[in-house]
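Listing of model_11.txt; format and content: compact mmCIF, C-alpha atoms.
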```
# COMPACT_ATOMS: atom_id res chain seq x y z
CA MET A 1 42.85 -33.44 -7.47
CA SER A 2 45.38 -31.63 -9.65
CA GLN A 3 44.42 -28.91 -12.08
CA GLY A 4 43.87 -30.23 -15.57
CA SER A 5 43.15 -33.77 -14.35
CA THR A 6 41.38 -35.94 -16.85
CA GLN A 7 39.45 -37.84 -14.17
CA LEU A 8 35.71 -37.23 -14.39
CA VAL A 9 33.60 -36.48 -11.33
CA ALA A 10 30.51 -38.68 -11.15
CA GLY A 11 31.47 -39.90 -14.63
CA ARG A 12 30.25 -36.70 -16.40
CA TYR A 13 31.87 -33.57 -14.94
CA GLN A 14 35.26 -32.44 -16.18
CA LEU A 15 37.24 -30.20 -13.81
CA THR A 16 38.72 -27.07 -15.42
CA ARG A 17 40.19 -24.86 -12.67
CA MET A 18 40.24 -24.30 -8.91
CA ILE A 19 37.98 -21.54 -7.70
CA GLY A 20 39.06 -21.41 -4.05
CA ARG A 21 40.39 -23.35 -1.08
CA GLY A 22 39.29 -23.34 2.55
CA GLY A 23 40.02 -25.07 5.83
CA MET A 24 38.04 -28.18 4.95
CA GLY A 25 38.62 -28.51 1.24
CA SER A 26 38.54 -26.88 -2.16
CA VAL A 27 36.03 -25.77 -4.78
CA TRP A 28 36.54 -26.35 -8.51
CA GLU A 29 34.86 -25.25 -11.68
CA GLY A 30 33.62 -28.11 -13.82
CA VAL A 31 31.83 -28.65 -17.11
CA HIS A 32 29.20 -31.23 -17.94
CA THR A 33 30.77 -33.30 -20.70
CA SER A 34 27.61 -33.71 -22.77
CA LEU A 35 25.58 -30.58 -21.95
CA GLY A 36 28.47 -28.13 -21.68
CA THR A 37 26.95 -26.43 -18.62
CA ARG A 38 29.23 -25.14 -15.88
CA VAL A 39 29.05 -26.47 -12.33
CA ALA A 40 30.96 -26.06 -9.08
CA VAL A 41 32.46 -29.13 -7.42
CA LYS A 42 33.38 -29.10 -3.72
CA PHE A 43 35.81 -31.64 -2.16
CA ILE A 44 36.98 -32.51 1.35
CA ASP A 45 40.75 -32.54 1.33
CA GLY A 46 43.48 -34.04 3.48
CA GLU A 47 42.93 -35.91 6.69
CA LEU A 48 39.38 -34.58 7.07
CA ALA A 49 38.32 -36.86 4.24
CA GLU A 50 39.03 -39.81 6.55
CA ALA A 51 37.28 -38.34 9.60
CA PRO A 52 33.81 -39.85 10.07
CA GLU A 53 32.40 -36.65 11.59
CA ALA A 54 33.65 -34.51 8.69
CA ARG A 55 32.27 -36.95 6.14
CA GLN A 56 28.91 -36.98 7.95
CA ARG A 57 28.74 -33.16 7.93
CA PHE A 58 29.65 -33.09 4.26
CA GLN A 59 26.85 -35.50 3.50
CA ASN A 60 24.46 -33.46 5.64
CA GLU A 61 25.36 -30.35 3.66
CA ALA A 62 24.51 -32.05 0.38
CA ARG A 63 21.21 -33.45 1.63
CA ALA A 64 20.16 -30.28 3.45
CA ALA A 65 20.85 -28.01 0.50
CA ALA A 66 19.21 -30.45 -1.91
CA LYS A 67 16.13 -30.51 0.29
CA LEU A 68 15.78 -26.73 0.01
CA GLN A 69 14.11 -25.79 -3.25
CA SER A 70 14.58 -22.04 -3.10
CA ARG A 71 16.13 -19.56 -5.52
CA TYR A 72 17.86 -18.00 -2.50
CA VAL A 73 19.77 -21.19 -1.65
CA VAL A 74 22.50 -22.75 -3.79
CA GLN A 75 21.13 -25.73 -5.73
CA ILE A 76 22.70 -29.20 -5.44
CA HIS A 77 22.94 -31.39 -8.56
CA ASP A 78 24.82 -34.46 -7.28
CA HIS A 79 27.04 -35.81 -4.52
CA GLY A 80 29.10 -38.91 -3.92
CA VAL A 81 32.60 -40.27 -3.24
CA MET A 82 35.56 -40.31 -5.63
CA ASP A 83 37.55 -43.46 -6.29
CA ASP A 84 40.22 -42.25 -3.84
CA GLY A 85 37.63 -41.94 -1.06
CA ARG A 86 37.10 -38.17 -1.12
CA PRO A 87 33.47 -37.01 -0.83
CA PHE A 88 32.29 -34.43 -3.35
CA ILE A 89 29.27 -32.20 -3.98
CA VAL A 90 28.24 -30.95 -7.42
CA MET A 91 26.28 -27.67 -7.20
CA GLU A 92 25.21 -24.84 -9.43
CA TYR A 93 27.93 -22.50 -10.61
CA LEU A 94 27.55 -19.05 -9.09
CA GLU A 95 28.93 -16.09 -10.98
CA GLY A 96 29.29 -12.96 -8.87
CA GLU A 97 30.96 -12.19 -5.55
CA PRO A 98 30.46 -13.12 -1.90
CA LEU A 99 29.11 -10.43 0.39
CA ASP A 100 32.34 -10.21 2.38
CA SER A 101 34.27 -9.32 -0.79
CA ARG A 102 31.79 -6.56 -1.54
CA LEU A 103 32.11 -5.15 1.96
CA SER A 104 35.89 -5.17 1.64
CA ARG A 105 35.56 -3.29 -1.64
CA VAL A 106 32.94 -0.67 -0.71
CA GLY A 107 33.31 -0.49 3.09
CA ARG A 108 29.66 0.03 4.07
CA LEU A 109 26.26 -0.50 2.50
CA SER A 110 23.28 1.81 2.70
CA ALA A 111 20.28 0.86 4.80
CA PRO A 112 18.03 0.14 1.76
CA GLU A 113 20.72 -2.01 0.13
CA THR A 114 21.30 -3.91 3.36
CA ALA A 115 17.58 -4.50 3.82
CA ARG A 116 17.21 -5.65 0.20
CA ILE A 117 20.03 -8.21 0.41
CA LEU A 118 19.08 -9.54 3.82
CA GLY A 119 15.43 -9.69 2.81
CA GLN A 120 16.40 -12.29 0.21
CA VAL A 121 18.59 -14.12 2.72
CA ALA A 122 15.64 -14.23 5.10
CA ARG A 123 13.53 -15.98 2.46
CA GLY A 124 16.09 -18.74 2.10
CA LEU A 125 16.51 -19.08 5.87
CA ALA A 126 12.75 -19.14 6.43
CA LYS A 127 12.46 -22.02 3.99
CA ALA A 128 15.24 -23.88 5.80
CA HIS A 129 13.64 -23.30 9.21
CA GLU A 130 10.32 -24.63 7.93
CA LEU A 131 12.10 -27.86 7.03
CA GLY A 132 13.85 -28.10 10.41
CA ILE A 133 17.26 -26.96 9.14
CA VAL A 134 19.36 -24.44 11.13
CA HIS A 135 22.30 -23.02 9.18
CA ARG A 136 24.44 -22.14 12.26
CA ASP A 137 27.13 -20.45 10.14
CA LEU A 138 25.45 -17.46 8.53
CA LYS A 139 28.07 -14.85 7.65
CA PRO A 140 28.98 -12.60 4.68
CA GLU A 141 31.28 -15.30 3.26
CA ASN A 142 28.29 -17.64 2.96
CA ILE A 143 26.06 -15.09 1.21
CA PHE A 144 26.86 -15.04 -2.50
CA MET A 145 25.70 -12.14 -4.66
CA VAL A 146 24.71 -13.62 -8.02
CA ARG A 147 23.83 -11.71 -11.18
CA SER A 148 20.92 -13.30 -13.02
CA SER A 149 21.50 -14.85 -16.42
CA ASP A 150 19.56 -12.00 -18.02
CA GLY A 151 21.62 -9.44 -16.14
CA ASP A 152 18.54 -7.57 -14.94
CA GLU A 153 18.68 -8.40 -11.23
CA GLU A 154 20.98 -9.51 -8.43
CA ILE A 155 20.07 -12.36 -6.12
CA ALA A 156 21.56 -13.23 -2.74
CA LYS A 157 22.05 -16.98 -2.29
CA ILE A 158 22.95 -18.84 0.91
CA VAL A 159 25.77 -21.36 0.55
CA ASP A 160 27.65 -23.81 2.77
CA PHE A 161 25.30 -25.85 4.94
CA GLY A 162 28.31 -27.84 6.15
CA ILE A 163 27.58 -27.37 9.86
CA ALA A 164 23.83 -27.05 9.54
CA LYS A 165 21.83 -28.58 12.37
CA ILE A 166 18.99 -30.81 11.23
CA THR A 167 16.12 -31.03 13.69
CA ASP A 168 13.94 -33.06 11.31
CA THR A 169 15.51 -36.47 10.68
CA GLY A 170 12.70 -37.72 8.50
CA ALA A 171 14.84 -37.37 5.39
CA GLY A 172 17.62 -39.57 6.80
CA ILE A 173 19.90 -36.65 7.72
CA SER A 174 21.99 -37.00 10.85
CA ALA A 175 21.13 -34.55 13.63
CA SER A 176 23.75 -35.54 16.20
CA THR A 177 25.59 -32.71 17.98
CA ARG A 178 27.67 -33.30 21.07
CA THR A 179 27.05 -31.08 24.08
CA GLY A 180 30.07 -28.85 24.71
CA SER A 181 31.23 -28.72 21.06
CA VAL A 182 31.66 -25.20 19.75
CA ILE A 183 30.68 -25.01 16.10
CA GLY A 184 30.60 -21.89 13.94
CA THR A 185 32.55 -18.78 13.08
CA PRO A 186 33.27 -16.87 16.33
CA PHE A 187 32.31 -13.38 15.12
CA TYR A 188 28.77 -14.54 14.26
CA MET A 189 28.12 -17.13 16.96
CA SER A 190 25.21 -16.71 19.34
CA PRO A 191 25.67 -17.05 23.14
CA GLU A 192 24.07 -20.49 23.08
CA GLN A 193 26.51 -21.56 20.38
CA VAL A 194 29.41 -20.22 22.42
CA ARG A 195 28.29 -22.32 25.40
CA GLY A 196 27.94 -25.38 23.18
CA LEU A 197 24.31 -26.06 24.09
CA LYS A 198 22.31 -28.72 22.34
CA THR A 199 19.23 -26.48 22.50
CA VAL A 200 20.46 -24.35 19.60
CA ASP A 201 17.54 -23.69 17.23
CA HIS A 202 16.55 -21.28 14.46
CA ARG A 203 16.99 -18.30 16.78
CA THR A 204 20.75 -18.67 16.50
CA ASP A 205 20.32 -17.73 12.83
CA VAL A 206 18.30 -14.70 14.01
CA TRP A 207 21.35 -13.63 16.04
CA ALA A 208 23.74 -14.09 13.11
CA PHE A 209 21.31 -12.23 10.86
CA GLY A 210 21.56 -9.22 13.18
CA VAL A 211 25.37 -9.38 13.31
CA VAL A 212 25.57 -9.45 9.49
CA ALA A 213 23.23 -6.45 9.27
CA TYR A 214 25.43 -4.53 11.72
CA GLN A 215 28.51 -5.31 9.66
CA CYS A 216 26.82 -4.23 6.43
CA LEU A 217 25.82 -0.84 7.87
CA THR A 218 29.01 -0.10 9.83
CA GLY A 219 31.75 -2.10 8.11
CA GLN A 220 32.76 -3.54 11.50
CA HIS A 221 31.97 -6.57 13.64
CA ALA A 222 29.42 -6.20 16.40
CA PHE A 223 31.79 -7.93 18.88
CA SER A 224 35.57 -8.22 18.74
CA GLY A 225 38.39 -9.29 21.06
CA GLU A 226 42.13 -9.72 21.25
CA SER A 227 41.71 -13.48 21.20
CA THR A 228 39.04 -15.99 20.40
CA GLY A 229 38.39 -16.60 24.10
CA ASP A 230 38.07 -12.88 24.76
CA LEU A 231 35.64 -12.55 21.83
CA LEU A 232 33.46 -15.40 23.06
CA VAL A 233 33.27 -13.90 26.55
CA LYS A 234 32.18 -10.55 25.15
CA ILE A 235 29.45 -12.20 23.09
CA CYS A 236 27.94 -13.61 26.27
CA THR A 237 28.45 -10.60 28.57
CA VAL A 238 28.92 -7.28 26.75
CA PRO A 239 25.74 -5.26 26.02
CA THR A 240 24.61 -4.77 22.46
CA PRO A 241 26.33 -1.81 20.77
CA THR A 242 24.44 1.36 19.82
CA PRO A 243 25.43 2.08 16.21
CA SER A 244 23.56 5.39 15.85
CA LEU A 245 25.87 6.94 18.48
CA MET A 246 29.01 5.70 16.74
CA PHE A 247 28.25 6.01 13.04
CA GLN A 248 26.72 8.87 11.13
CA GLY A 249 23.58 8.24 9.09
CA ILE A 250 22.26 5.27 11.09
CA SER A 251 18.73 5.65 12.42
CA PRO A 252 18.11 5.24 16.17
CA ALA A 253 15.34 2.83 15.19
CA PHE A 254 18.07 0.44 14.08
CA ASP A 255 19.44 0.44 17.65
CA ALA A 256 16.20 -1.04 18.98
CA TRP A 257 16.08 -3.53 16.10
CA LEU A 258 19.66 -4.63 16.81
CA ALA A 259 19.06 -4.90 20.55
CA ARG A 260 16.20 -7.29 19.94
CA SER A 261 18.14 -9.26 17.32
CA LEU A 262 21.14 -9.69 19.66
CA ALA A 263 19.27 -10.35 22.90
CA LYS A 264 21.28 -12.71 25.09
CA GLU A 265 18.21 -14.86 25.73
CA PRO A 266 16.80 -16.50 22.59
CA ALA A 267 13.21 -15.99 23.82
CA GLU A 268 13.73 -12.20 23.72
CA ARG A 269 14.76 -12.14 20.04
CA PHE A 270 12.58 -11.96 16.96
CA SER A 271 10.48 -15.09 16.67
CA SER A 272 11.41 -15.54 13.00
CA VAL A 273 13.76 -14.14 10.37
CA THR A 274 10.71 -13.14 8.36
CA GLU A 275 9.53 -10.78 11.11
CA GLN A 276 13.11 -9.60 11.58
CA ALA A 277 13.63 -8.80 7.89
CA ASN A 278 10.26 -7.07 7.55
CA GLU A 279 11.01 -4.70 10.41
CA LEU A 280 14.46 -3.98 8.99
CA ALA A 281 12.90 -3.12 5.64
CA ALA A 282 10.47 -0.74 7.35
CA ILE A 283 13.33 1.01 9.15
CA ALA A 284 15.21 1.34 5.85
CA GLY A 285 12.16 2.88 4.18
CA LEU A 286 11.49 0.03 1.78
CA SER A 287 7.86 -0.44 0.84
CA GLY A 288 6.35 -3.78 1.31
CA PRO A 289 3.66 -5.46 -0.82
CA HIS A 290 1.04 -2.72 -1.83
CA VAL A 291 -2.51 -3.35 -0.70
CA ALA A 292 -5.04 -1.25 -2.20
CA PRO A 293 -7.05 0.51 0.48
CA PRO A 294 -10.75 -0.43 0.60
CA LEU A 295 -13.06 1.72 -1.42
CA SER A 296 -14.96 4.14 0.80
CA ALA A 297 -17.60 6.74 0.06
CA PRO A 298 -16.32 10.32 0.14
CA SER A 299 -17.26 12.25 3.23
CA HIS A 300 -19.47 15.31 2.80
CA ALA A 301 -20.13 17.85 5.52
CA PRO A 302 -23.84 18.60 6.02
CA SER A 303 -24.98 21.84 4.44
CA ALA A 304 -26.86 22.92 7.56
CA PRO A 305 -26.87 21.84 11.21
CA GLY A 306 -29.07 18.85 11.78
CA VAL A 307 -29.21 17.92 8.08
CA ALA A 308 -27.49 14.63 7.28
CA ALA A 309 -25.23 14.60 4.23
CA THR A 310 -25.94 11.85 1.71
CA VAL A 311 -24.04 10.47 -1.24
CA SER A 312 -25.86 9.01 -4.20
CA ALA A 313 -24.68 6.67 -6.93
CA TYR A 314 -24.65 9.63 -9.28
CA GLU A 315 -22.09 11.49 -7.19
CA VAL A 316 -19.93 8.40 -6.89
CA ALA A 317 -20.02 8.08 -10.68
CA GLY A 318 -19.29 11.80 -11.14
CA LEU A 319 -22.85 12.72 -12.20
CA PRO A 320 -25.12 15.34 -10.57
CA LYS A 321 -27.35 14.13 -7.81
CA ARG A 322 -30.91 13.25 -8.93
CA ARG A 323 -33.39 15.98 -7.99
CA SER A 324 -36.47 15.21 -5.92
CA GLY A 325 -40.00 15.39 -7.33
CA ALA A 326 -40.72 18.75 -5.60
CA LEU A 327 -38.19 20.64 -7.72
CA PRO A 328 -40.13 20.43 -11.06
CA ILE A 329 -43.28 21.60 -9.27
CA VAL A 330 -41.47 24.62 -7.83
CA LEU A 331 -40.02 25.45 -11.23
CA VAL A 332 -43.42 25.21 -12.93
CA GLY A 333 -44.98 27.38 -10.22
CA ALA A 334 -42.24 29.97 -10.63
CA VAL A 335 -42.80 30.11 -14.38
CA MET A 336 -46.58 30.41 -13.99
CA LEU A 337 -46.17 33.18 -11.42
CA ALA A 338 -43.88 35.13 -13.75
CA ILE A 339 -46.34 34.81 -16.65
CA GLY A 340 -49.39 35.60 -14.48
CA VAL A 341 -47.86 38.72 -12.96
CA GLY A 342 -46.87 39.97 -16.40
CA GLY A 343 -50.41 39.44 -17.71
CA ALA A 344 -51.96 41.14 -14.70
CA LEU A 345 -49.75 44.19 -15.10
CA LEU A 346 -50.74 44.42 -18.77
CA VAL A 347 -54.48 44.32 -17.97
CA VAL A 348 -54.20 46.82 -15.13
CA GLY A 349 -52.29 49.20 -17.38
CA ASN A 350 -54.90 49.04 -20.14
CA LYS A 351 -57.72 49.45 -17.68
CA GLY A 352 -56.09 52.52 -16.13
CA LYS A 353 -55.93 54.29 -19.49
CA ARG A 354 -59.57 53.44 -20.24
CA ALA A 355 -60.74 54.77 -16.86
CA ARG A 356 -59.01 58.11 -17.40
CA ARG A 357 -60.73 58.57 -20.76
CA GLU A 358 -64.14 57.80 -19.24
CA ALA A 359 -63.54 60.21 -16.35
CA SER A 360 -62.76 63.05 -18.75
CA ALA A 361 -66.04 62.48 -20.63
CA ALA A 362 -68.12 62.38 -17.45
CA ALA A 363 -66.68 65.64 -16.13
CA VAL A 364 -68.69 67.58 -18.76
CA THR A 365 -72.06 66.62 -17.30
CA THR A 366 -71.28 65.93 -13.66
CA GLU A 367 -69.74 67.82 -10.85
CA ALA A 368 -66.75 66.21 -9.22
CA PRO A 369 -67.23 65.38 -5.54
CA ALA A 370 -65.11 67.03 -2.87
CA THR A 371 -63.29 63.80 -2.32
CA ALA A 372 -62.57 61.85 -5.44
CA ALA A 373 -63.82 58.31 -5.27
CA PRO A 374 -62.00 55.45 -6.91
CA PRO A 375 -63.46 54.28 -10.19
CA ALA A 376 -65.95 51.48 -10.01
CA THR A 377 -64.44 48.11 -10.52
CA SER A 378 -67.53 45.92 -10.32
CA GLU A 379 -68.16 46.16 -14.03
CA ALA A 380 -65.23 43.98 -15.07
CA SER A 381 -63.68 41.05 -13.23
CA PRO A 382 -59.94 41.50 -12.77
CA ILE A 383 -57.58 38.76 -13.79
CA VAL A 384 -55.80 37.19 -10.85
CA ALA A 385 -52.51 35.45 -11.39
CA PRO A 386 -52.42 31.82 -10.24
CA ALA A 387 -50.82 31.08 -6.91
CA ALA A 388 -47.15 30.22 -7.06
CA THR A 389 -47.34 27.26 -4.74
CA SER A 390 -49.92 25.46 -2.72
CA THR A 391 -48.44 26.87 0.48
CA ALA A 392 -49.23 30.59 -0.34
CA ALA A 393 -51.31 32.52 2.20
CA PRO A 394 -55.13 32.59 1.43
CA PRO A 395 -56.43 35.86 -0.09
CA GLU A 396 -58.03 38.38 2.23
CA PRO A 397 -61.84 38.84 1.87
CA PRO A 398 -62.83 41.91 -0.20
CA ALA A 399 -63.84 45.03 1.69
CA PRO A 400 -67.67 45.73 1.77
CA THR A 401 -68.89 48.16 -0.85
CA HIS A 402 -71.30 51.00 -0.10
CA PRO A 403 -73.55 52.88 -2.54
CA ARG A 404 -72.20 56.20 -3.59
CA LYS A 405 -73.97 59.11 -1.88
CA HIS A 406 -75.00 62.00 -4.15
CA ARG A 407 -75.96 65.48 -3.25
CA PRO A 408 -79.69 66.31 -3.33
CA GLY A 409 -80.89 67.63 -6.62
CA LYS A 410 -78.00 66.16 -8.48
CA VAL A 411 -78.29 62.93 -10.37
CA ALA A 412 -75.08 61.42 -11.56
CA GLU A 413 -75.32 59.72 -14.85
CA PRO A 414 -73.35 56.54 -15.09
CA PRO A 415 -70.57 56.56 -17.65
CA PRO A 416 -71.22 54.75 -20.84
CA VAL A 417 -70.46 51.09 -20.59
CA ARG A 418 -68.13 49.77 -23.19
CA PRO A 419 -67.68 46.13 -23.86
CA GLU A 420 -64.55 44.83 -22.23
CA PRO A 421 -62.16 42.66 -24.20
CA PRO A 422 -62.02 39.06 -23.16
CA PRO A 423 -59.59 38.40 -20.33
CA ILE A 424 -56.08 37.48 -21.30
CA ARG A 425 -55.33 34.05 -20.01
CA PRO A 426 -51.71 33.09 -19.42
CA GLU A 427 -50.37 30.33 -21.59
CA PRO A 428 -49.66 27.13 -19.74
CA PRO A 429 -45.94 26.81 -18.92
CA LYS A 430 -43.93 24.59 -21.12
CA PRO A 431 -42.15 21.67 -19.41
CA PRO A 432 -38.42 22.23 -19.05
CA PRO A 433 -36.44 20.56 -21.83
CA LYS A 434 -34.57 17.40 -21.06
CA THR A 435 -30.94 18.01 -20.26
CA SER A 436 -27.93 15.81 -20.57
CA PRO A 437 -26.17 14.40 -17.44
CA GLY A 438 -24.02 17.00 -15.81
CA LYS A 439 -26.41 19.94 -16.40
CA VAL A 440 -29.57 21.18 -14.63
CA ASP A 441 -31.94 23.38 -16.73
CA LEU A 442 -33.90 25.76 -14.48
CA GLY A 443 -36.20 26.91 -17.34
CA TYR A 444 -34.96 30.50 -17.54
```
In structure tokens, how does this file's structure come out?
Amino acid sequence: MSQGSTQLVAGRYQLTRMIGRGGMGSVWEGVHTSLGTRVAVKFIDGELAEAPEARQRFQNEARAAAKLQSRYVVQIHDHGVMDDGRPFIVMEYLEGEPLDSRLSRVGRLSAPETARILGQVARGLAKAHELGIVHRDLKPENIFMVRSSDGDEEIAKIVDFGIAKITDTGAGISASTRTGSVIGTPFYMSPEQVRGLKTVDHRTDVWAFGVVAYQCLTGQHAFSGESTGDLLVKICTVPTPTPSLMFQGISPAFDAWLARSLAKEPAERFSSVTEQANELAAIAGLSGPHVAPPLSAPSHAPSAPGVAATVSAYEVAGLPKRRSGALPIVLVGAVMLAIGVGGALLVVGNKGKRARREASAAAVTTEAPATAAPPATSEASPIVAPAATSTAAPPEPPAPTHPRKHRPGKVAEPPPVRPEPPPIRPEPPKPPPKTSPGKVDLGY
């Protein structure tokens, strides 16, 4: 197909320019004649267009990619054969750059950037593996970095399923692979691919995933050789490299991750690219999906040994804990005690003054005894303050009283009795006022 050809592809796509050319064919930019949308059109060129195996792989690529409905896999719009016998595939037009071009431009990527890009690649691969499709040619050239139409994000898309192995033939896709045929790009081939085994499965993509990650972080290939044969031998025999010892800034945790990704035996590798990508993200310090921790009651240390700490709904809501029924009784008792003691002191004080006046009047007619006796208290009942609480100790019994002995010939006249004022009774305590949440009124 020459540039500027007027021949339409599939009767509705007009070719405008060549985007690139590879070993099997070329890729062109096209425009839908009625919608005006841009597309990419891929052709098989030369003698390969006549080879049945190449044509079968080309058809497999179209059907495999079309079967994958994922934003991380290039979308297929149409496929068919031109009038001159050349197969073609019409796919979405990707505007951006392949990952290998970015690595050539910047050299190395940071661990978070590598984990972010390969995390998206893993989503596309996981979808393919669920459908029984093994890519078998994962490499930076087949990872295209696409800027979204809104320009607010970058998406990694997997392209080129040309040599994909289809283990599920339910969709009419050929799955034939001859034993002994070596298929893939040597730098990224797994040991089982190198040996040409028919048992190649999704774990060969796990291997290639690890090799791509190594290249992103170091800017070099995990295995290299002077020739293709030398390279393939090293893939099967040389131990996995230790990047943290060779490159500054690479975590030793990545060494263990790489060793598992590039295990010679497929059974010793990660079981899936999803597990592989998640562990890489953890090593790079990327946070996964946030799960809110379960709500739990705050822990409180007990205030005294042997006393269990409790948490009420008030404390959880930020309000003071509800007081027990004994607290109001204690408060009322404390108030009554304070009032009763004050009243008792007032009565005792008044009574003391009155007794002194009476003693002065009696001294005129009586002779004071050698030992002064306390004034009589049986004439007026003292006021006793109420008990503070029900647990107070019982009052002691009053001491026995004896009649006062007088000297012979002397008769003591009793002091004049004055009427005593009525006892002062304490006012009942007022209930504590109601307080708003967050305060406790103690009544004083």
Go through A:Gly285, A:Gly162, A:Gly22, A:Gly196 and flag the residue nearest Ser251 in chain A, using all atoms listed in the file for the distances. A:Gly285
Counting all atoms listed in the file, the residue of A:Ser261, A:Thr242, A:Thr228, A:Thr274 that sits nearest Ser190 in chain A: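 Using all atoms listed in the file, Ser190 in chain A sits closest to A:Ser261.
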Would you compute the distance between CA of Ala281 in chain A and CA of Ala115 in chain A? Give it in Å to one decimal.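 Interatomic distance, CA of Ala281 in chain A to CA of Ala115 in chain A: 5.2 Å.
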May I have the residues within 12 Å of Gly46 in chain A as a PDB file with C-alpha atoms, keeping the file's coordinate frame, using all atoms listed in the file and disregarding those fewer than 4 positions away in the same chain?
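Wrote it out as around12.pdb, contents follow:
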```pdb
ATOM      1  CA  MET A   1      42.850 -33.440  -7.470  1.00  0.00           C
ATOM      2  CA  GLY A  22      39.290 -23.340   2.550  1.00  0.00           C
ATOM      3  CA  GLY A  23      40.020 -25.070   5.830  1.00  0.00           C
ATOM      4  CA  MET A  24      38.040 -28.180   4.950  1.00  0.00           C
ATOM      5  CA  GLY A  25      38.620 -28.510   1.240  1.00  0.00           C
ATOM      6  CA  SER A  26      38.540 -26.880  -2.160  1.00  0.00           C
ATOM      7  CA  GLU A  50      39.030 -39.810   6.550  1.00  0.00           C
ATOM      8  CA  ALA A  51      37.280 -38.340   9.600  1.00  0.00           C
ATOM      9  CA  ALA A  54      33.650 -34.510   8.690  1.00  0.00           C
ATOM     10  CA  ARG A  55      32.270 -36.950   6.140  1.00  0.00           C
ATOM     11  CA  ASP A  84      40.220 -42.250  -3.840  1.00  0.00           C
ATOM     12  CA  GLY A  85      37.630 -41.940  -1.060  1.00  0.00           C
ATOM     13  CA  ARG A  86      37.100 -38.170  -1.120  1.00  0.00           C
ATOM     14  CA  PRO A  87      33.470 -37.010  -0.830  1.00  0.00           C
TER      15      PRO A  87
END
```
Between CA of Arg102 in chain A and CA of Asp150 in chain A, what distance in Å does the model show, to one decimal? 21.2 Å
Computed interatomic separation between CA of His32 in chain A and CA of Val81 in chain A (Å):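 According to the coordinates, CA of His32 in chain A and CA of Val81 in chain A are separated by 17.6 Å.
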Just the residues within 10 Å of Pro243 in chain A, please, counting all atoms listed in the file, with nothing from its chain fewer than 5 positions along; format it as a list in words.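 Surrounding residues, per the criterion: Tyr214, Leu217, Thr218, Ala222, Gln248, Gly249, Ile250, Ser251, Pro252, Phe254, Asp255 and Leu258 of chain A.
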Every residue with an atom at most 9 Å from (34.5, -32.1, -3.3) (file coordinates; only C-alpha atoms) is what I'm after, so could you write them as a list of chain:residue names?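 Looking at atoms near the point gives A:Gly25, A:Ser26, A:Val27, A:Trp28, A:Val41, A:Lys42, A:Phe43, A:Ile44, A:Asp45, A:His79, A:Gly80, A:Val81, A:Met82, A:Arg86, A:Pro87, A:Phe88, A:Ile89, A:Val90.
Remark: for Leu131 in chain A, the closest of the candidate residues A:Ile76, A:Ala66, A:Ile183, A:Arg71 is A:Ala66 (distances computed over only C-alpha atoms).
Closest approach to Met246 in chain A from the set A:Gly219, A:Gln7, A:Leu99, A:Ser104 is made by A:Gly219, with distances taken over all atoms listed in the file.
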Got a sec: who's within 9 Å of Leu68 in chain A, counting all atoms listed in the file, leaving out chain neighbours fewer than 4 positions off, as a list in words?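 Neighbouring residues, sequence-local ones excluded: Arg63, Ala64, Val73, Val74, Gln75, Gly124, Lys127, Ala128 and Leu131 of chain A.
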For each of A:Leu245, A:Val121, A:Ala49, A:Ala282, take the minimum atom-to-atom distance to Phe144 in chain A, counting only C-alpha atoms, then give the residue where this is smallest.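 Of A:Leu245, A:Val121, A:Ala49, A:Ala282, the one nearest Phe144 in chain A, counting only C-alpha atoms, is A:Val121.
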Write out as a PDB file with C-alpha atoms, in the frame of the given file the residues lying within 9 Å of Arg57 in chain A, counting only C-alpha atoms and excluding same-chain residues fewer than 4 positions away.
```pdb
ATOM      1  CA  PRO A  52      33.810 -39.850  10.070  1.00  0.00           C
ATOM      2  CA  GLU A  53      32.400 -36.650  11.590  1.00  0.00           C
ATOM      3  CA  GLU A  61      25.360 -30.350   3.660  1.00  0.00           C
ATOM      4  CA  ALA A  62      24.510 -32.050   0.380  1.00  0.00           C
ATOM      5  CA  PHE A 161      25.300 -25.850   4.940  1.00  0.00           C
ATOM      6  CA  GLY A 162      28.310 -27.840   6.150  1.00  0.00           C
ATOM      7  CA  ILE A 163      27.580 -27.370   9.860  1.00  0.00           C
ATOM      8  CA  ALA A 164      23.830 -27.050   9.540  1.00  0.00           C
ATOM      9  CA  SER A 174      21.990 -37.000  10.850  1.00  0.00           C
TER      10      SER A 174
END
```
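Closest approach to Arg260 in chain A among A:Arg17, A:Lys67, A:Lys234, A:Arg203 is made by A:Arg203 (distances from only C-alpha atoms).
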